[in-house]
Structure formats: structure tokens, C-alpha cells
Amino acid sequence: MKRSVILNVNRIARTVEVEPRSLLVHVLRDDLNLTGTHIGCDTSQCGACTVLIDGQAVKSCTQLAVQVEGMDITTIEGLAPSGALHPMQNAFWEKHGLQCGFCTPGMIMTAVDFLGSNPDPTDDEIRHAIEGNYCRCTGYQNIVLAIRTAAEVMRAQSAAGQPTSEPAGESTQRSPLPAAEPAGAGV
Ligand code: FES
Ligand code: FES
């Protein structure tokens, strides 16, 4: 039997009817149409479904929707609420940290959480941080470069007193990343 829950997603309270067994990733994609969160496995290993829950990167296929009622959920769509890319999104764009883009939303959410606790990481620390996110295309080199670049930008913004969720500069107003768009069939 379905029950009504209120999910705080990307700063908006959304009321949805869910089965107690409904996974958060399915509710995000199928009920809230937030298809930037991808499904890449059925074993909780790929990380494509990663979102932020109360600021922490969590694989949304490991959570029941009813478990996260009242918590703050941020999906890849929530990183650019006004259309201006988050510095992490911008860095993936500029440093070619993606090819097919399937892993990218989850990779970005993991990286955003990671830089929150380690704003000046080494490459080894970056590689360790994303070990739960699989990429089939890039070989990871440009992903690491993108995260390192985002860290530099975010540190500079922080030093200048700018909010990191609203990147400064005229070059940040762009069309969405390919990875933030609907995943399409078969995902
Ligand atoms: S879909 Fe959640 S870890 Fe793969
Ligand atoms: S860019 Fe294709 S899976 Fe990572």
C-alpha cells in the first residue's frame, strides 16, 4: 500500500505517493522526473545514482524513499538551480571529464561532497574519493583533473567570499551538461 511522504528535493518540498519498498532513485526519476540521477547497476556498486542527502554523497539505490523523509536531498539538477553551473560541473565541462556522460552526475555529486571535507586534495586523495564511482569511458585522468580544477576554483571563490554554488564569471551560464539531461532508454 502506498503512503504519502514529503521529500525535500533541491530545496523544494515534494509530496509523493510511494510504496514502502520504493527506492529513492526510482522515486527521483519516475515520480519527480529528475532523470539526471542515473541507474547503472543493480548491485549498489557503480555510483551513477549518487545524490547528496544532508550534504553527504549517498547511492540513492541503497535508500528507501521513506527513509529520507525530512532530509535535504540534492540531485545533479539542484547544483545549478538558476542555470549557472556549479564550479564542479563547469570543471567537468572545461577539462573534458566525461565522454558518454553516464557516470558524470554521480561522479560530480561524490566530488562535491568530497571537496566539502577536503578542499585541497592530492590526486591520490581524489582517486580514493571516487573509487565508488565507475566510469567506463574516460580512464579517469580528466575526471581527476576536473575535480582538482574545481577545487582550485572553489578555494579561490571561498577566499573571495563568493558562494561556490553560484559560480562567478560570465562563462558559467551555459546549456546543461549532457550528463544532466534525461538518461534515455535503457538506464
Ligand atoms: S545504480 Fe546505484 S550504485 Fe549503481
Ligand atoms: S563518461 Fe562514460 S561512463 Fe564515465
# chains A, B, ... in the order shown; residues from 1 in each chain; ligands from 1
call {"tool": "residues_near_ligand", "arguments": {"ligand": "ligand 1", "cutoff": "12 Å", "atoms": "only C-alpha atoms and all ligand atoms", "output": "ChimeraX atom specification"}}
result
/A:23-26,29,37-51,57-63,102-103,105-107,110,131-135,187
call {"tool": "residues_around", "arguments": {"residues": "Met88 (chain A)", "least_positions_apart": "3", "cutoff": "10 Å", "atoms": "only C-alpha atoms", "output": "ChimeraX atom specification"}}
result
/A:79,85,91-94,107-109,111-112,115,146-151,153-154,164-165,167
call {"tool": "write_last_selection", "arguments": {"atoms": "C-alpha atoms", "output": "short mmCIF file (atom, residue, chain, number, x, y, z; two decimals), in the first residue's frame"}}
result
data_model
loop_
_atom_site.label_atom_id
_atom_site.label_comp_id
_atom_site.auth_asym_id
_atom_site.auth_seq_id
_atom_site.Cartn_x
_atom_site.Cartn_y
_atom_site.Cartn_z
CA LEU A 79 23.55 22.07 -8.32
CA LEU A 85 26.79 25.73 -13.47
CA ALA A 91 35.29 21.99 -14.42
CA PHE A 92 34.00 18.71 -15.88
CA TRP A 93 32.88 20.68 -18.91
CA GLU A 94 36.11 22.58 -19.39
CA MET A 107 30.79 11.45 -10.09
CA ILE A 108 30.05 15.14 -9.62
CA MET A 109 27.89 14.64 -6.55
CA ALA A 111 33.21 15.08 -5.76
CA VAL A 112 31.14 17.94 -4.35
CA LEU A 115 35.67 18.76 -1.54
CA ALA A 146 38.36 18.28 -13.38
CA ILE A 147 38.00 17.70 -9.65
CA ARG A 148 41.41 19.24 -8.99
CA THR A 149 40.42 22.24 -11.12
CA ALA A 150 37.11 22.63 -9.33
CA ALA A 151 38.94 22.53 -6.02
CA VAL A 153 38.20 27.44 -8.33
CA MET A 154 36.20 26.79 -5.18
CA THR A 164 30.55 28.24 -4.51
CA SER A 165 27.10 27.15 -5.64
CA PRO A 167 29.94 30.37 -9.87
#
call {"tool": "residues_near_ligand", "arguments": {"ligand": "ligand 2", "cutoff": "6 Å", "atoms": "only C-alpha atoms and all ligand atoms", "output": "list in words"}}
result
Leu98, Gln99, Cys100, Gly101, Phe102, Cys103, Thr104, Cys135, Arg136, Cys137 and Thr138 of chain A
call {"tool": "write_last_selection", "arguments": {"atoms": "N, CA and C atoms", "output": "PDB file, in the first residue's frame"}}
result
ATOM      1  N   LEU A  98      34.356  13.944 -19.071  1.00  0.00           N
ATOM      2  CA  LEU A  98      33.311  12.984 -19.434  1.00  0.00           C
ATOM      3  C   LEU A  98      33.421  12.639 -20.912  1.00  0.00           C
ATOM      4  N   GLN A  99      32.891  11.462 -21.206  1.00  0.00           N
ATOM      5  CA  GLN A  99      32.732  11.087 -22.611  1.00  0.00           C
ATOM      6  C   GLN A  99      31.246  10.800 -22.854  1.00  0.00           C
ATOM      7  N   CYS A 100      30.774   9.611 -22.515  1.00  0.00           N
ATOM      8  CA  CYS A 100      29.339   9.372 -22.706  1.00  0.00           C
ATOM      9  C   CYS A 100      28.518  10.146 -21.690  1.00  0.00           C
ATOM     10  N   GLY A 101      29.093  10.456 -20.531  1.00  0.00           N
ATOM     11  CA  GLY A 101      28.399  11.237 -19.517  1.00  0.00           C
ATOM     12  C   GLY A 101      27.540  10.431 -18.570  1.00  0.00           C
ATOM     13  N   PHE A 102      27.483   9.140 -18.760  1.00  0.00           N
ATOM     14  CA  PHE A 102      26.567   8.354 -17.923  1.00  0.00           C
ATOM     15  C   PHE A 102      26.955   8.403 -16.444  1.00  0.00           C
ATOM     16  N   CYS A 103      28.236   8.335 -16.172  1.00  0.00           N
ATOM     17  CA  CYS A 103      28.699   8.329 -14.779  1.00  0.00           C
ATOM     18  C   CYS A 103      28.759   9.723 -14.177  1.00  0.00           C
ATOM     19  N   THR A 104      28.663  10.737 -15.016  1.00  0.00           N
ATOM     20  CA  THR A 104      29.034  12.089 -14.605  1.00  0.00           C
ATOM     21  C   THR A 104      28.193  12.672 -13.461  1.00  0.00           C
ATOM     22  N   CYS A 135      33.573   4.578 -14.068  1.00  0.00           N
ATOM     23  CA  CYS A 135      33.492   5.215 -15.373  1.00  0.00           C
ATOM     24  C   CYS A 135      34.017   4.225 -16.409  1.00  0.00           C
ATOM     25  N   ARG A 136      33.206   3.999 -17.432  1.00  0.00           N
ATOM     26  CA  ARG A 136      33.579   3.018 -18.451  1.00  0.00           C
ATOM     27  C   ARG A 136      34.348   3.648 -19.606  1.00  0.00           C
ATOM     28  N   CYS A 137      34.447   4.975 -19.612  1.00  0.00           N
ATOM     29  CA  CYS A 137      34.933   5.640 -20.825  1.00  0.00           C
ATOM     30  C   CYS A 137      36.262   6.356 -20.673  1.00  0.00           C
ATOM     31  N   THR A 138      36.415   7.133 -19.621  1.00  0.00           N
ATOM     32  CA  THR A 138      37.429   8.196 -19.639  1.00  0.00           C
ATOM     33  C   THR A 138      38.821   7.749 -19.238  1.00  0.00           C
TER      34      THR A 138
END
call {"tool": "residues_around", "arguments": {"residues": "Ile73 (chain A)", "least_positions_apart": "3", "cutoff": "6 Å", "atoms": "only C-alpha atoms", "output": "number ranges by chain"}}
result
A: 8-9, 52-53
call {"tool": "write_last_selection", "arguments": {"atoms": "C-alpha atoms", "output": "short mmCIF file (atom, residue, chain, number, x, y, z; two decimals), in the first residue's frame"}}
result
data_model
loop_
_atom_site.label_atom_id
_atom_site.label_comp_id
_atom_site.auth_asym_id
_atom_site.auth_seq_id
_atom_site.Cartn_x
_atom_site.Cartn_y
_atom_site.Cartn_z
CA ASN A 8 12.84 17.91 0.32
CA VAL A 9 14.49 17.76 -3.07
CA LEU A 52 23.57 14.34 -1.62
CA ILE A 53 21.50 13.58 1.47
#
call {"tool": "select_by_dssp", "arguments": {"residues": "region 5-85 of chain A", "states": "helix (DSSP H, G or I)", "output": "VMD selection string"}}
result
chain A and resid 24 to 31 60 to 62 65 to 68 76 to 79
call {"tool": "write_last_selection", "arguments": {"atoms": "N, CA and C atoms", "output": "mmCIF file, in the first residue's frame"}}
result
data_model
loop_
_atom_site.group_PDB
_atom_site.id
_atom_site.type_symbol
_atom_site.label_atom_id
_atom_site.label_comp_id
_atom_site.auth_asym_id
_atom_site.auth_seq_id
_atom_site.Cartn_x
_atom_site.Cartn_y
_atom_site.Cartn_z
ATOM 1 N N LEU A 24 14.778 5.299 -3.407
ATOM 2 C CA LEU A 24 14.854 6.742 -3.656
ATOM 3 C C LEU A 24 15.166 7.034 -5.118
ATOM 4 N N VAL A 25 16.082 6.283 -5.709
ATOM 5 C CA VAL A 25 16.463 6.576 -7.091
ATOM 6 C C VAL A 25 15.265 6.442 -8.031
ATOM 7 N N HIS A 26 14.409 5.474 -7.791
ATOM 8 C CA HIS A 26 13.234 5.314 -8.646
ATOM 9 C C HIS A 26 12.236 6.448 -8.434
ATOM 10 N N VAL A 27 12.076 6.881 -7.206
ATOM 11 C CA VAL A 27 11.154 7.989 -6.936
ATOM 12 C C VAL A 27 11.672 9.273 -7.570
ATOM 13 N N LEU A 28 12.969 9.505 -7.470
ATOM 14 C CA LEU A 28 13.535 10.708 -8.096
ATOM 15 C C LEU A 28 13.293 10.701 -9.599
ATOM 16 N N ARG A 29 13.570 9.586 -10.215
ATOM 17 C CA ARG A 29 13.484 9.521 -11.671
ATOM 18 C C ARG A 29 12.032 9.399 -12.170
ATOM 19 N N ASP A 30 11.272 8.500 -11.557
ATOM 20 C CA ASP A 30 9.969 8.157 -12.112
ATOM 21 C C ASP A 30 8.839 9.049 -11.589
ATOM 22 N N ASP A 31 8.955 9.486 -10.351
ATOM 23 C CA ASP A 31 7.877 10.308 -9.780
ATOM 24 C C ASP A 31 8.195 11.796 -9.867
ATOM 25 N N SER A 60 21.696 6.519 -4.195
ATOM 26 C CA SER A 60 20.260 6.585 -3.934
ATOM 27 C C SER A 60 19.548 5.274 -4.213
ATOM 28 N N CYS A 61 20.250 4.299 -4.792
ATOM 29 C CA CYS A 61 19.652 2.973 -4.954
ATOM 30 C C CYS A 61 19.781 2.151 -3.678
ATOM 31 N N THR A 62 20.443 2.710 -2.678
ATOM 32 C CA THR A 62 20.584 1.996 -1.402
ATOM 33 C C THR A 62 19.635 2.534 -0.336
ATOM 34 N N ALA A 65 12.806 5.521 -0.184
ATOM 35 C CA ALA A 65 12.313 6.899 -0.153
ATOM 36 C C ALA A 65 11.769 7.259 1.224
ATOM 37 N N VAL A 66 11.100 6.311 1.865
ATOM 38 C CA VAL A 66 10.508 6.611 3.176
ATOM 39 C C VAL A 66 11.577 6.854 4.236
ATOM 40 N N GLN A 67 12.801 6.396 3.980
ATOM 41 C CA GLN A 67 13.880 6.594 4.955
ATOM 42 C C GLN A 67 14.388 8.027 4.983
ATOM 43 N N VAL A 68 14.203 8.744 3.899
ATOM 44 C CA VAL A 68 14.842 10.060 3.786
ATOM 45 C C VAL A 68 13.829 11.197 3.867
ATOM 46 N N ILE A 76 21.712 16.179 -9.159
ATOM 47 C CA ILE A 76 22.555 16.954 -10.071
ATOM 48 C C ILE A 76 21.816 18.199 -10.575
ATOM 49 N N GLU A 77 20.501 18.103 -10.725
ATOM 50 C CA GLU A 77 19.736 19.262 -11.176
ATOM 51 C C GLU A 77 19.800 20.390 -10.148
ATOM 52 N N GLY A 78 19.941 20.032 -8.881
ATOM 53 C CA GLY A 78 19.939 21.023 -7.815
ATOM 54 C C GLY A 78 21.239 21.781 -7.682
ATOM 55 N N LEU A 79 22.279 21.337 -8.382
ATOM 56 C CA LEU A 79 23.547 22.071 -8.319
ATOM 57 C C LEU A 79 23.514 23.337 -9.158
#
call {"tool": "atom_distance", "arguments": {"atom1": "CA of Pro163 (chain A)", "atom2": "CA of Pro121 (chain A)"}}
result
19.7 Å
call {"tool": "atom_distance", "arguments": {"atom1": "CA of Ile126 (chain A)", "atom2": "CA of Phe114 (chain A)"}}
result
8.2 Å
call {"tool": "decode", "arguments": {"residues": "region 78-107 of chain A", "atoms": "C-alpha atoms", "output": "PDB file, in the first residue's frame"}}
result
ATOM      1  CA  GLY A  78      19.939  21.023  -7.815  1.00  0.00           C
ATOM      2  CA  LEU A  79      23.547  22.071  -8.319  1.00  0.00           C
ATOM      3  CA  ALA A  80      22.525  24.593 -10.956  1.00  0.00           C
ATOM      4  CA  PRO A  81      19.149  25.900  -9.810  1.00  0.00           C
ATOM      5  CA  SER A  82      19.459  29.165 -11.722  1.00  0.00           C
ATOM      6  CA  GLY A  83      21.125  27.662 -14.782  1.00  0.00           C
ATOM      7  CA  ALA A  84      24.613  28.779 -13.777  1.00  0.00           C
ATOM      8  CA  LEU A  85      26.789  25.730 -13.473  1.00  0.00           C
ATOM      9  CA  HIS A  86      28.324  24.720 -10.171  1.00  0.00           C
ATOM     10  CA  PRO A  87      32.131  25.002 -10.296  1.00  0.00           C
ATOM     11  CA  MET A  88      32.345  21.217 -10.329  1.00  0.00           C
ATOM     12  CA  GLN A  89      30.045  20.988 -13.348  1.00  0.00           C
ATOM     13  CA  ASN A  90      31.985  23.741 -15.049  1.00  0.00           C
ATOM     14  CA  ALA A  91      35.288  21.987 -14.421  1.00  0.00           C
ATOM     15  CA  PHE A  92      33.998  18.707 -15.879  1.00  0.00           C
ATOM     16  CA  TRP A  93      32.883  20.676 -18.912  1.00  0.00           C
ATOM     17  CA  GLU A  94      36.115  22.579 -19.393  1.00  0.00           C
ATOM     18  CA  LYS A  95      38.515  19.700 -18.640  1.00  0.00           C
ATOM     19  CA  HIS A  96      36.581  17.107 -20.624  1.00  0.00           C
ATOM     20  CA  GLY A  97      35.909  14.991 -17.563  1.00  0.00           C
ATOM     21  CA  LEU A  98      33.311  12.984 -19.434  1.00  0.00           C
ATOM     22  CA  GLN A  99      32.732  11.087 -22.611  1.00  0.00           C
ATOM     23  CA  CYS A 100      29.339   9.372 -22.706  1.00  0.00           C
ATOM     24  CA  GLY A 101      28.399  11.237 -19.517  1.00  0.00           C
ATOM     25  CA  PHE A 102      26.567   8.354 -17.923  1.00  0.00           C
ATOM     26  CA  CYS A 103      28.699   8.329 -14.779  1.00  0.00           C
ATOM     27  CA  THR A 104      29.034  12.089 -14.605  1.00  0.00           C
ATOM     28  CA  PRO A 105      26.126  13.108 -12.357  1.00  0.00           C
ATOM     29  CA  GLY A 106      27.121  10.603  -9.706  1.00  0.00           C
ATOM     30  CA  MET A 107      30.789  11.447 -10.085  1.00  0.00           C
TER      31      MET A 107
END
